[in-house]
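Here the structure comes first, spelled out in structure tokens, and everything after it is commentary.
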Amino acid sequence: MRPLPAALLIVSVFCPAVAPAQSAVPESSKTSPVSVVSPNGQIAFELSDQGAAGLVYSVQFRGQPLLAESRLGLELVGQPPLGPGMKLTGAQPEAADDSYAIPVGKTREVRNHYNGVRADFTDPHGRKISIEVRAFDDGVAFRYLVPQQPQIGQVRIAHELTEFAYAKDASTYPLILDGYQSSWEDEYQLRNVSGLHRDWLIALPFLADVPGVGWVAITEADIENYSGMYLRKSGGFLTFRVQADLSPHEDRAGNIDPSYAVETATPFSSPWRVLMIAGQPAKLIESNIVLNLNPPSQIADTSWIHAGKSAWDWWSGDAAPSLAVKPGMNTATMKHYIDFASASGFPYMLIDAGWAAKDPSVPRQDDITRTSPNIDMPELLRYAKEKNVKLWLWAHWTSVDKYMDQAFPLFEKWGVAGVKIDFMNRDDQWMVGWYRKVVAEAAQYHLMIDFHGAFKPDGLRRTYPNLLTRESVMGKEYLKVTARVTPAHNATLPFTRMLAGPMDYTPGAFGNTNLADFVPRQFMPMGLNTRAQELALYVIFESELEMVSDYPERYQGQKEFDFLKRVPCTWDEVRAIGGVPMQWITLARRSGNDWYVGSLTDWDARDVKVPLSFLGDGKYIAEIYADAPDAADEPTHTVLTHQTVGRTTVLDVHMVSGGGNAMWIHPAN
């Protein structure tokens, strides 16, 4: 840390420009705040004590109110809440400007640049709490620190008083859940914050457009020894406030105690409450604020951690027309997919559910130390090694919980690359701790992890970069049973779920169709978009482990498969070109000297301009996969063109209904 410039720790009269209906505190009781300003001066966070009303904060963006005065505090079981009646006793400024490398991710190097402060408060009973704030150029974050003290030892947190009061009636994009036990797999909606229902449980990240001010996405980072956070509407009808809601306490067996959410002892800290902020929604995608708020890597040698694409047997419905035997969870089918991965240059093959022998002692659980009768695992391991392919194995989380001490050393001995762990469907304090236990234990045995049935990313992959990706998204698999995974849904995910981190959406459908001809089916499922959009998903959606979901024969002889084989899964740089949630997006990513550009649209045909100002000097060749003129009716049809371009080039991209565009741009020499 280096000292914060004195100009950035401001004590002044706190007079934010907010509508009277949104102000929670009488003007006469206000005191001077602590103010933290981002390095570029565009984001300002102001924090003050307001007597009986408690602690409040507000946020300005580019000189305008983004969040009006919002409450802070913790509600404890058996004690008065921490917040009301507290007074500022001191403030310690801090700042940082450093960089670090990550082995896989959306940027190779991450800059950690912020101004911050820790403000200390004490109540009339002598109880203490601190609020730590960090203001970055791409957002601001705060968390609660409760020091060790005689008045507070062992503690149960019932709720947080944390509020987020929008300065105006923002347009929001909620993912509304039916309870805390969830896979977080559903559509996002478009609602004004005033129209949110108080009974709705809203998942994070939560995107909002504050009219005339900016875009802000609420999420959290570094969830450790705590439960996950949600949001609910607070205040009366037509108010612009949402309030934190914590996942209730749940034990290992799933027994819930709704009277509290977190049990811990002082000293403790909450997760970071994160506000990602930008003038345009696509710029939020460039942010690394969630990573920056997590501790550095605990893995000294990360040379074994590799991003890559994987063949996958589950989505394609046991289709393997060229196989002599009946396809299914058997050795011959898995060898077929290993052959496909090897021939395509993919480093991985993921063997999904069914490879392990059933453990009769526990319902729905497999014994992941033994294989099923139809799978010859020693032969598959030998064969995969011969083909220069590494295996990932699926496991139910209860199996991992029961057999981890045996299975992880065994998997390392087998040469397995990683484990896809499924069906946790909760983010209570115990389960949050279990995630950390898994990735730490897996790292000891050089195993990478993909969490399915998982809560949103919180940046844990900075601390344990063997955590490559998570699900927590309604992805391609839903097309086997429903038409809900639409182009509009695809155009929403980059601005919502993906802001938290990588998502295992599992793209790769080459049986593309339009809505009129779409039929949900288990065998040989369809992709509800054009093939050009399907290619663009590999650029737009971030996942360091990326599935190639269709069956091998589907890709044979298809020119678009060349792009799919080439596109990377880890990147050096990301640039947001433009977009609007639920409508369209264009995103550019760099790997070495090559750039990849992906665009997609909803059900509306669309023309967008793509300036290539991100390119370096000199000439480049753009290989462009565009929707064919008839792609609205024949969605598998694309047109491949080659064009010489440079940094002054502006490309015109036309997309049909449900369409897209994918480019590989590389130096001409």
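In the structure tokens, the first chain shown is A, the next is B, and so on; residue numbers restart at 1 for each chain, and ligands run from 1 in the order shown.
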
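Here the residues within region 459-519 of chain A that DSSP labels alpha helix (DSSP H) on the basis of the backbone are Leu460, Arg461, Arg462, Thr463, Pro487, Ala488, His489 and Asn490 of chain A.
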
May I have a table of the residues of region 175-263 of chain A lying at most 12 Å from region 294-308 of chain A, giving each one's closest pair of atoms and their distance in Å to one decimal, counting only C-alpha atoms, ordered by chain and ascending residue number, as JSON lines?
{"residue": "A:Glu220", "atom": "CA", "partner": "A:Asn294", "partner_atom": "CA", "distance": 10.5}
{"residue": "A:Ala221", "atom": "CA", "partner": "A:Asn294", "partner_atom": "CA", "distance": 6.8}
{"residue": "A:Asp222", "atom": "CA", "partner": "A:Asn294", "partner_atom": "CA", "distance": 5.2}
{"residue": "A:Ile223", "atom": "CA", "partner": "A:Asn294", "partner_atom": "CA", "distance": 8.9}
{"residue": "A:Glu224", "atom": "CA", "partner": "A:Asn294", "partner_atom": "CA", "distance": 10.0}

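Inside region 433-541 of chain A, the residues DSSP reads as strand (DSSP E) when given the backbone are Met448, Ile449, Asp450, Phe451, Leu467, Leu468, Thr469, Arg470, Asn512, Thr513, Gly527 and Leu528 of chain A.
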
Write the residues of the selection above to a file with C-alpha atoms, as a PDB file, in the first residue's frame.
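Written output follows (out35.pdb):
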ATOM      1  CA  MET A 448      -8.821 -28.285 -12.280  1.00  0.00           C
ATOM      2  CA  ILE A 449     -12.453 -27.670 -11.309  1.00  0.00           C
ATOM      3  CA  ASP A 450     -15.687 -26.789 -13.141  1.00  0.00           C
ATOM      4  CA  PHE A 451     -18.602 -26.133 -10.755  1.00  0.00           C
ATOM      5  CA  LEU A 467     -11.100 -23.128 -10.725  1.00  0.00           C
ATOM      6  CA  LEU A 468     -11.582 -22.616 -14.466  1.00  0.00           C
ATOM      7  CA  THR A 469     -15.295 -21.952 -14.814  1.00  0.00           C
ATOM      8  CA  ARG A 470     -18.778 -22.325 -13.345  1.00  0.00           C
ATOM      9  CA  ASN A 512     -28.897 -24.552 -36.127  1.00  0.00           C
ATOM     10  CA  THR A 513     -32.514 -23.624 -36.803  1.00  0.00           C
ATOM     11  CA  GLY A 527     -29.356 -24.767 -31.772  1.00  0.00           C
ATOM     12  CA  LEU A 528     -31.856 -21.894 -31.713  1.00  0.00           C
TER      13      LEU A 528
END

Against region 395-401 of chain A, which residues of region 422-539 of chain A fall within 9 Å? For each one I want the closest pair of atoms and the distance in Å (one decimal), counting only C-alpha atoms, rows by chain and increasing residue number, as a Markdown table.
| residue | atom | partner | partner_atom | distance |
| --- | --- | --- | --- | --- |
| A:Asp422 | CA | A:His396 | CA | 5.0 |
| A:Phe423 | CA | A:Trp397 | CA | 6.3 |
| A:Met424 | CA | A:Trp397 | CA | 6.1 |
| A:Trp434 | CA | A:Asp401 | CA | 8.5 |
| A:Val438 | CA | A:Val400 | CA | 8.4 |

Could you name the residues that touch Gly354 (chain A) at 12 Å or less, counting only C-alpha atoms, but leaving out those on the same chain fewer than 5 positions away, as a ChimeraX atom specification?
-> /A:313-314,328-331,334,364-368,370-375,393-396

With C-alpha atoms kept, could you save the residues just selected as a short mmCIF file (atom, residue, chain, number, x, y, z; two decimals), in the first residue's frame?
data_model
loop_
_atom_site.label_atom_id
_atom_site.label_comp_id
_atom_site.auth_asym_id
_atom_site.auth_seq_id
_atom_site.Cartn_x
_atom_site.Cartn_y
_atom_site.Cartn_z
CA ASP A 313 -20.65 -36.69 -24.75
CA TRP A 314 -23.75 -35.47 -22.89
CA GLY A 328 -23.98 -44.48 -24.92
CA MET A 329 -21.96 -44.44 -21.73
CA ASN A 330 -19.57 -47.16 -22.84
CA THR A 331 -15.91 -47.44 -23.69
CA MET A 334 -15.95 -42.44 -25.18
CA ARG A 364 -28.24 -40.34 -6.23
CA GLN A 365 -24.59 -40.82 -5.45
CA ASP A 366 -21.84 -42.54 -7.43
CA ASP A 367 -18.71 -44.11 -6.01
CA ILE A 368 -16.16 -42.04 -7.91
CA ARG A 370 -14.89 -47.18 -9.07
CA THR A 371 -16.14 -47.26 -12.66
CA SER A 372 -19.40 -48.66 -14.00
CA PRO A 373 -19.39 -52.07 -15.76
CA ASN A 374 -19.66 -50.45 -19.21
CA ILE A 375 -16.60 -48.22 -18.78
CA LEU A 393 -14.75 -36.50 -15.10
CA TRP A 394 -18.24 -35.53 -13.90
CA ALA A 395 -19.25 -36.06 -10.26
CA HIS A 396 -22.22 -35.30 -8.05
#

Measuring atom to atom with only C-alpha atoms, identify which of A:Tyr435, A:Val548, A:Leu410, A:Gly214 is nearest to Tyr348 (chain A).
-> A:Val548

Could you make a table, as a tab-separated table, of the residues of region 115-195 of chain A that have an atom within 8 Å of an atom of region 426-429 of chain A, each with its nearest atom pair and distance in Å to one decimal, counting only C-alpha atoms, in chain and number order?
residue	atom	partner	partner_atom	distance
A:Tyr180	CA	A:Arg426	CA	6.5
A:Gln181	CA	A:Arg426	CA	4.9
A:Ser182	CA	A:Arg426	CA	6.1
A:Ser183	CA	A:Arg426	CA	7.5

Grab the residues selected above and save them as a compact mmCIF listing (two decimals), in the first residue's frame with C-alpha atoms.
# COMPACT_ATOMS: atom_id res chain seq x y z
CA TYR A 180 -32.32 -19.79 -1.99
CA GLN A 181 -31.81 -23.36 -3.18
CA SER A 182 -31.32 -22.75 -6.86
CA SER A 183 -29.22 -23.56 -9.89

Contact residues around Ala44 (chain A) with only C-alpha atoms at 12 Å, ignoring same-chain residues under 3 positions, as number ranges by chain = A: 8-10, 16, 33-41, 47, 57-68, 114-116, 133-141, 275, 277

Keeping only C-alpha atoms, write those residues as a short mmCIF file (atom, residue, chain, number, x, y, z; two decimals), in the first residue's frame.
data_model
loop_
_atom_site.label_atom_id
_atom_site.label_comp_id
_atom_site.auth_asym_id
_atom_site.auth_seq_id
_atom_site.Cartn_x
_atom_site.Cartn_y
_atom_site.Cartn_z
CA LEU A 8 -8.82 12.10 -1.97
CA LEU A 9 -9.77 11.85 1.70
CA ILE A 10 -12.30 14.63 1.95
CA PRO A 16 -25.84 15.07 -2.53
CA PRO A 33 -18.57 12.44 5.35
CA VAL A 34 -15.51 10.49 4.36
CA SER A 35 -15.15 10.61 0.57
CA VAL A 36 -13.13 8.35 -1.69
CA VAL A 37 -12.61 9.18 -5.36
CA SER A 38 -11.49 6.76 -8.08
CA PRO A 39 -8.05 7.34 -9.67
CA ASN A 40 -9.63 8.85 -12.80
CA GLY A 41 -11.88 11.09 -10.71
CA LEU A 47 -19.77 7.64 3.73
CA TYR A 57 -23.30 6.04 1.79
CA SER A 58 -23.90 7.47 -1.65
CA VAL A 59 -22.17 7.16 -5.02
CA GLN A 60 -21.68 9.71 -7.76
CA PHE A 61 -20.58 9.02 -11.32
CA ARG A 62 -19.15 11.79 -13.45
CA GLY A 63 -20.49 14.36 -11.02
CA GLN A 64 -24.07 13.05 -10.96
CA PRO A 65 -25.84 10.99 -8.29
CA LEU A 66 -25.86 7.30 -9.18
CA LEU A 67 -26.88 5.89 -5.80
CA ALA A 68 -28.65 8.14 -3.30
CA TYR A 114 -7.66 2.01 -6.52
CA ASN A 115 -7.98 4.65 -3.85
CA GLY A 116 -9.45 3.50 -0.59
CA VAL A 133 -13.96 1.14 0.70
CA ARG A 134 -12.02 0.82 -2.56
CA ALA A 135 -12.77 3.05 -5.54
CA PHE A 136 -11.48 1.78 -8.90
CA ASP A 137 -11.91 3.40 -12.31
CA ASP A 138 -14.44 0.66 -13.17
CA GLY A 139 -16.42 0.61 -9.94
CA VAL A 140 -16.40 0.82 -6.19
CA ALA A 141 -16.64 -1.80 -3.44
CA LEU A 275 -20.73 -1.79 -7.76
CA ILE A 277 -19.91 1.19 -13.02
#

Write out as a list of chain:residue names which residues come within 8 Å of Ala208 (chain A) when counting only C-alpha atoms, dropping same-chain ones fewer than 3 positions away.
-> A:Ala170, A:Ser171, A:Thr172, A:Tyr173, A:Trp215, A:Val216, A:Ala217

For the selection you just gave me, I'd like the residues written to a file as a CSV table (one decimal), in the first residue's frame, keeping C-alpha atoms.
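Okay, this is what ended up in result-v3.csv:
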chain,number,residue,atom,x,y,z
A,170,ALA,CA,-33.5,2.8,-13.1
A,171,SER,CA,-34.2,0.1,-15.7
A,172,THR,CA,-33.1,-3.2,-14.2
A,173,TYR,CA,-32.4,-6.7,-15.5
A,215,TRP,CA,-24.9,1.7,-15.8
A,216,VAL,CA,-24.2,-0.1,-12.5
A,217,ALA,CA,-24.1,-3.8,-11.7

Just the residues within 8 Å of Ile218 (chain A), please, counting only C-alpha atoms, with nothing from its chain fewer than 6 positions along; format it as a PyMOL selection string.
-> chain A and resi 204-207+273-276

From A:Gly179, A:Pro360, A:Pro327, A:Gly105, residue lying nearest Gly501 (chain A) [only C-alpha atoms] =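 Nearest to Gly501 (chain A): A:Gly105.
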
Nearby residues (only C-alpha atoms) at most 6 Å from Leu76 (chain A), same-chain spacing under 5 positions excluded, as number ranges by chain | A: 81, 156-158

How many Å lie between CA of Asn225 (chain A) and CA of Asp458 (chain A), rounded to one decimal?
-> 13.1 Å
